[in-house]
>>> print(open('upload30.csv').read())   # CSV, N, CA and C atoms
chain,number,residue,atom,x,y,z
A,1,MET,N,-26.7,-15.6,-10.2
A,1,MET,CA,-27.8,-14.9,-9.5
A,1,MET,C,-27.3,-13.8,-8.6
A,2,ASP,N,-27.8,-12.6,-8.7
A,2,ASP,CA,-27.5,-11.5,-7.9
A,2,ASP,C,-28.3,-11.6,-6.6
A,3,THR,N,-27.7,-11.0,-5.5
A,3,THR,CA,-28.4,-11.0,-4.2
A,3,THR,C,-28.0,-9.6,-3.6
A,4,ASN,N,-28.9,-9.2,-2.7
A,4,ASN,CA,-28.6,-8.0,-1.9
A,4,ASN,C,-28.0,-8.3,-0.6
A,5,MET,N,-27.2,-7.3,-0.1
A,5,MET,CA,-26.6,-7.5,1.2
A,5,MET,C,-26.7,-6.2,2.0
A,6,THR,N,-27.0,-6.2,3.2
A,6,THR,CA,-27.2,-5.0,4.0
A,6,THR,C,-26.3,-5.1,5.2
A,7,PHE,N,-25.6,-4.0,5.5
A,7,PHE,CA,-24.7,-3.9,6.7
A,7,PHE,C,-24.5,-2.4,7.1
A,8,ARG,N,-24.0,-2.2,8.3
A,8,ARG,CA,-23.8,-0.9,8.8
A,8,ARG,C,-22.4,-0.4,8.6
A,9,MET,N,-22.2,0.9,8.3
A,9,MET,CA,-20.9,1.4,8.3
A,9,MET,C,-21.0,2.9,8.7
A,10,ASP,N,-19.9,3.4,9.2
A,10,ASP,CA,-19.8,4.8,9.6
A,10,ASP,C,-20.1,5.7,8.4
A,11,SER,N,-21.0,6.7,8.7
A,11,SER,CA,-21.5,7.6,7.6
A,11,SER,C,-20.3,8.4,7.0
A,12,ASP,N,-19.3,8.8,7.7
A,12,ASP,CA,-18.2,9.6,7.2
A,12,ASP,C,-17.4,8.7,6.2
A,13,ILE,N,-17.2,7.4,6.6
A,13,ILE,CA,-16.5,6.5,5.7
A,13,ILE,C,-17.2,6.3,4.4
A,14,LYS,N,-18.6,6.1,4.6
A,14,LYS,CA,-19.4,5.9,3.4
A,14,LYS,C,-19.3,7.1,2.4
A,15,ALA,N,-19.4,8.3,3.0
A,15,ALA,CA,-19.3,9.5,2.2
A,15,ALA,C,-17.9,9.6,1.5
A,16,LYS,N,-16.8,9.3,2.2
A,16,LYS,CA,-15.5,9.3,1.6
A,16,LYS,C,-15.3,8.3,0.5
A,17,MET,N,-15.9,7.1,0.8
A,17,MET,CA,-15.9,6.0,-0.2
A,17,MET,C,-16.6,6.4,-1.4
A,18,ALA,N,-17.8,7.1,-1.3
A,18,ALA,CA,-18.6,7.5,-2.4
A,18,ALA,C,-17.8,8.5,-3.3
A,19,GLU,N,-17.1,9.4,-2.6
A,19,GLU,CA,-16.3,10.4,-3.3
A,19,GLU,C,-15.2,9.7,-4.2
A,20,ILE,N,-14.5,8.8,-3.5
A,20,ILE,CA,-13.4,8.1,-4.2
A,20,ILE,C,-13.9,7.3,-5.3
A,21,CYS,N,-15.0,6.6,-5.1
A,21,CYS,CA,-15.5,5.8,-6.2
A,21,CYS,C,-16.0,6.6,-7.4
A,22,ALA,N,-16.6,7.8,-7.1
A,22,ALA,CA,-17.0,8.7,-8.1
A,22,ALA,C,-15.7,9.2,-8.9
A,23,GLU,N,-14.7,9.5,-8.2
A,23,GLU,CA,-13.4,10.0,-8.9
A,23,GLU,C,-12.9,8.9,-9.8
A,24,ILE,N,-12.9,7.7,-9.4
A,24,ILE,CA,-12.4,6.6,-10.3
A,24,ILE,C,-13.4,6.0,-11.2
A,25,GLY,N,-14.6,6.5,-11.2
A,25,GLY,CA,-15.7,6.0,-12.1
A,25,GLY,C,-16.3,4.7,-11.8
A,26,MET,N,-16.4,4.4,-10.6
A,26,MET,CA,-17.1,3.1,-10.2
A,26,MET,C,-18.1,3.3,-9.1
A,27,SER,N,-19.0,2.4,-9.0
A,27,SER,CA,-20.0,2.5,-7.9
A,27,SER,C,-19.5,1.9,-6.7
A,28,GLN,N,-20.1,2.2,-5.6
A,28,GLN,CA,-19.7,1.5,-4.3
A,28,GLN,C,-20.0,0.1,-4.4
A,29,SER,N,-21.1,-0.3,-5.1
A,29,SER,CA,-21.4,-1.7,-5.3
A,29,SER,C,-20.3,-2.4,-6.0
A,30,THR,N,-19.7,-1.8,-7.0
A,30,THR,CA,-18.6,-2.4,-7.8
A,30,THR,C,-17.4,-2.6,-6.9
A,31,ALA,N,-17.1,-1.5,-6.1
A,31,ALA,CA,-16.0,-1.6,-5.2
A,31,ALA,C,-16.1,-2.8,-4.2
A,32,PHE,N,-17.3,-2.9,-3.6
A,32,PHE,CA,-17.5,-4.0,-2.7
A,32,PHE,C,-17.4,-5.4,-3.4
A,33,ASN,N,-17.9,-5.5,-4.7
A,33,ASN,CA,-17.8,-6.7,-5.4
A,33,ASN,C,-16.4,-7.1,-5.7
A,34,ILE,N,-15.6,-6.0,-6.0
A,34,ILE,CA,-14.1,-6.3,-6.2
A,34,ILE,C,-13.5,-6.9,-4.9
A,35,PHE,N,-13.8,-6.2,-3.8
A,35,PHE,CA,-13.3,-6.7,-2.5
A,35,PHE,C,-13.8,-8.2,-2.3
A,36,ALA,N,-15.1,-8.4,-2.5
A,36,ALA,CA,-15.6,-9.8,-2.2
A,36,ALA,C,-14.9,-10.8,-3.1
A,37,LYS,N,-14.7,-10.5,-4.4
A,37,LYS,CA,-14.0,-11.4,-5.3
A,37,LYS,C,-12.5,-11.7,-4.8
A,38,ALA,N,-11.9,-10.6,-4.4
A,38,ALA,CA,-10.5,-10.8,-3.9
A,38,ALA,C,-10.5,-11.6,-2.6
A,39,PHE,N,-11.5,-11.4,-1.7
A,39,PHE,CA,-11.6,-12.1,-0.5
A,39,PHE,C,-11.8,-13.6,-0.7
A,40,VAL,N,-12.6,-13.9,-1.7
A,40,VAL,CA,-12.9,-15.4,-2.1
A,40,VAL,C,-11.6,-15.9,-2.7
A,41,ARG,N,-11.0,-15.2,-3.6
A,41,ARG,CA,-9.7,-15.7,-4.2
A,41,ARG,C,-8.6,-15.9,-3.2
A,42,ALA,N,-8.5,-15.0,-2.2
A,42,ALA,CA,-7.5,-15.2,-1.1
A,42,ALA,C,-7.9,-16.1,0.0
A,43,LYS,N,-9.2,-16.5,0.0
A,43,LYS,CA,-9.7,-17.4,1.1
A,43,LYS,C,-9.6,-16.7,2.4
A,44,GLY,N,-9.8,-15.4,2.4
A,44,GLY,CA,-9.7,-14.5,3.6
A,44,GLY,C,-9.4,-13.1,3.2
A,45,MET,N,-8.9,-12.3,4.1
A,45,MET,CA,-8.7,-10.9,3.8
A,45,MET,C,-7.6,-10.8,2.7
A,46,PRO,N,-7.9,-10.0,1.7
A,46,PRO,CA,-6.9,-9.9,0.6
A,46,PRO,C,-5.7,-9.0,0.9
A,47,PHE,N,-5.6,-8.6,2.2
A,47,PHE,CA,-4.5,-7.8,2.6
A,47,PHE,C,-4.2,-8.2,4.1
A,48,SER,N,-3.0,-7.8,4.5
A,48,SER,CA,-2.5,-8.2,5.8
A,48,SER,C,-3.3,-7.5,6.9
A,49,VAL,N,-3.8,-8.2,7.9
A,49,VAL,CA,-4.5,-7.6,9.1
A,49,VAL,C,-3.7,-7.9,10.3
A,50,ASN,N,-2.9,-6.9,10.8
A,50,ASN,CA,-2.1,-7.2,12.0
A,50,ASN,C,-1.8,-5.8,12.7
A,51,LEU,N,-1.2,-5.9,13.8
A,51,LEU,CA,-0.9,-4.7,14.6
A,51,LEU,C,0.4,-4.1,14.1
A,52,GLU,N,1.3,-4.8,13.6
A,52,GLU,CA,2.6,-4.3,13.2
A,52,GLU,C,2.5,-3.9,11.7
A,53,GLN,N,3.3,-2.9,11.4
A,53,GLN,CA,3.4,-2.5,10.0
A,53,GLN,C,4.2,-3.5,9.3
A,54,PRO,N,3.8,-3.9,8.1
A,54,PRO,CA,4.6,-4.9,7.3
A,54,PRO,C,5.9,-4.3,6.9
A,55,ALA,N,6.9,-5.1,6.9
A,55,ALA,CA,8.2,-4.7,6.5
A,55,ALA,C,8.2,-4.3,5.1
A,56,LYS,N,8.9,-3.2,4.8
A,56,LYS,CA,9.0,-2.7,3.4
A,56,LYS,C,10.0,-3.6,2.7
A,57,VAL,N,9.6,-4.2,1.5
A,57,VAL,CA,10.4,-5.0,0.8
A,57,VAL,C,11.3,-4.1,-0.1
A,58,ILE,N,12.6,-4.3,0.0
A,58,ILE,CA,13.5,-3.5,-0.8
A,58,ILE,C,14.2,-4.4,-1.8
A,59,SER,N,14.2,-4.0,-3.0
A,59,SER,CA,14.8,-4.9,-4.1
A,59,SER,C,16.3,-4.9,-4.0
A,60,ARG,N,16.9,-5.9,-4.5
A,60,ARG,CA,18.4,-6.0,-4.5
A,60,ARG,C,19.0,-4.8,-5.3
A,61,ALA,N,18.4,-4.4,-6.3
A,61,ALA,CA,18.8,-3.2,-7.1
A,61,ALA,C,18.8,-1.9,-6.2
A,62,GLN,N,17.8,-1.8,-5.5
A,62,GLN,CA,17.7,-0.6,-4.6
A,62,GLN,C,18.7,-0.6,-3.5
A,63,MET,N,19.0,-1.8,-2.9
A,63,MET,CA,20.0,-2.0,-1.9
A,63,MET,C,21.4,-1.6,-2.5
A,64,LEU,N,21.6,-2.1,-3.7
A,64,LEU,CA,22.9,-1.8,-4.3
A,64,LEU,C,23.1,-0.3,-4.6
A,65,ALA,N,22.0,0.3,-5.1
A,65,ALA,CA,22.0,1.8,-5.4
A,65,ALA,C,22.2,2.6,-4.1
A,66,ASP,N,21.6,2.2,-3.0
A,66,ASP,CA,21.8,2.8,-1.7
A,66,ASP,C,23.2,2.7,-1.3
A,67,ALA,N,23.8,1.5,-1.4
A,67,ALA,CA,25.1,1.3,-1.0
A,67,ALA,C,26.1,2.1,-1.8
A,68,ASP,N,25.8,2.2,-3.1
A,68,ASP,CA,26.7,3.0,-4.0
A,68,ASP,C,26.6,4.5,-3.6
A,69,ALA,N,25.4,5.0,-3.3
A,69,ALA,CA,25.3,6.4,-2.8
A,69,ALA,C,26.0,6.7,-1.6
A,70,ILE,N,26.0,5.7,-0.6
A,70,ILE,CA,26.7,5.9,0.6
A,70,ILE,C,28.2,5.9,0.4
A,71,LEU,N,28.7,5.0,-0.5
A,71,LEU,CA,30.1,4.9,-0.8
A,71,LEU,C,30.6,6.2,-1.5
A,72,ASP,N,29.7,6.7,-2.4
A,72,ASP,CA,30.1,7.9,-3.1
A,72,ASP,C,30.2,9.1,-2.1
A,73,GLU,N,29.3,9.2,-1.1
A,73,GLU,CA,29.4,10.2,-0.1
A,73,GLU,C,30.7,10.1,0.7
A,74,TYR,N,31.0,8.8,1.1
A,74,TYR,CA,32.3,8.6,1.8
A,74,TYR,C,33.5,9.0,1.0
A,75,ALA,N,33.4,8.7,-0.3
A,75,ALA,CA,34.6,9.0,-1.2
A,75,ALA,C,34.7,10.5,-1.3
A,76,GLU,N,33.6,11.2,-1.4
A,76,GLU,CA,33.7,12.7,-1.5
A,76,GLU,C,34.3,13.3,-0.2
A,77,ASP,N,33.8,12.7,1.0
A,77,ASP,CA,34.4,13.2,2.3
A,77,ASP,C,35.9,12.9,2.4
A,78,TYR,N,36.3,11.7,1.9
A,78,TYR,CA,37.7,11.3,2.0
A,78,TYR,C,38.5,12.2,1.1
A,79,LYS,N,38.0,12.6,-0.1
A,79,LYS,CA,38.8,13.5,-0.9
A,79,LYS,C,39.0,14.8,-0.3
A,80,ARG,N,37.9,15.3,0.4
A,80,ARG,CA,38.0,16.6,1.0
A,80,ARG,C,39.0,16.6,2.2
A,81,MET,N,39.0,15.5,2.9
A,81,MET,CA,39.9,15.4,4.0
A,81,MET,C,41.4,15.3,3.6
A,82,ALA,N,41.6,14.6,2.4
A,82,ALA,CA,42.9,14.4,1.9
A,82,ALA,C,43.5,15.8,1.3
A,83,GLU,N,42.6,16.7,1.0
A,83,GLU,CA,43.1,18.0,0.5
A,83,GLU,C,43.8,18.9,1.5
>>> encode(input="upload30.csv", output="structure tokens")
Amino acid sequence: MDTNMTFRMDSDIKAKMAEICAEIGMSQSTAFNIFAKAFVRAKGMPFSVNLEQPAKVISRAQMLADADAILDEYAEDYKRMAE
């Protein structure tokens, strides 16, 4: 059974949401239903709500690639100094 829900929101946010929904081809109602289903599935907010920025998760492969890049830079510097 469908039901209606009424709430207040900032008019600028509503307009921006309408634009984005139109761009991706969905109604605002659909967007809110997606959020509501995610909320129920997560048994709360489906995203982190806190004052601190969440730590960026870096994969092991990315860490190794970063380390290789740093070592390559050092190797190039070492070669220049040796010349």
>>> atom_distance(input="upload30.csv", atom1="atom CA of A:Thr6", atom2="atom CA of A:Ala31")
14.9 Å
>>> select_by_dssp(input="upload30.csv", residues="chain A", states="helix (DSSP H, G or I)", output="PyMOL selection string")
chain A and resi 11-24+28-42+60-82
>>> atom_distance(input="upload30.csv", atom1="atom CA of A:Ile70", atom2="atom CA of A:Ile58")
16.3 Å
>>> atom_distance(input="upload30.csv", atom1="atom CA of A:Ala15", atom2="atom CA of A:Ser27")
12.3 Å
>>> residues_around(input="upload30.csv", residues="A:Ser29", least_positions_apart="3", cutoff="12 Å", atoms="only C-alpha atoms", output="ChimeraX atom specification")
/A:2-6,14,17-18,21-22,25-26,32-36
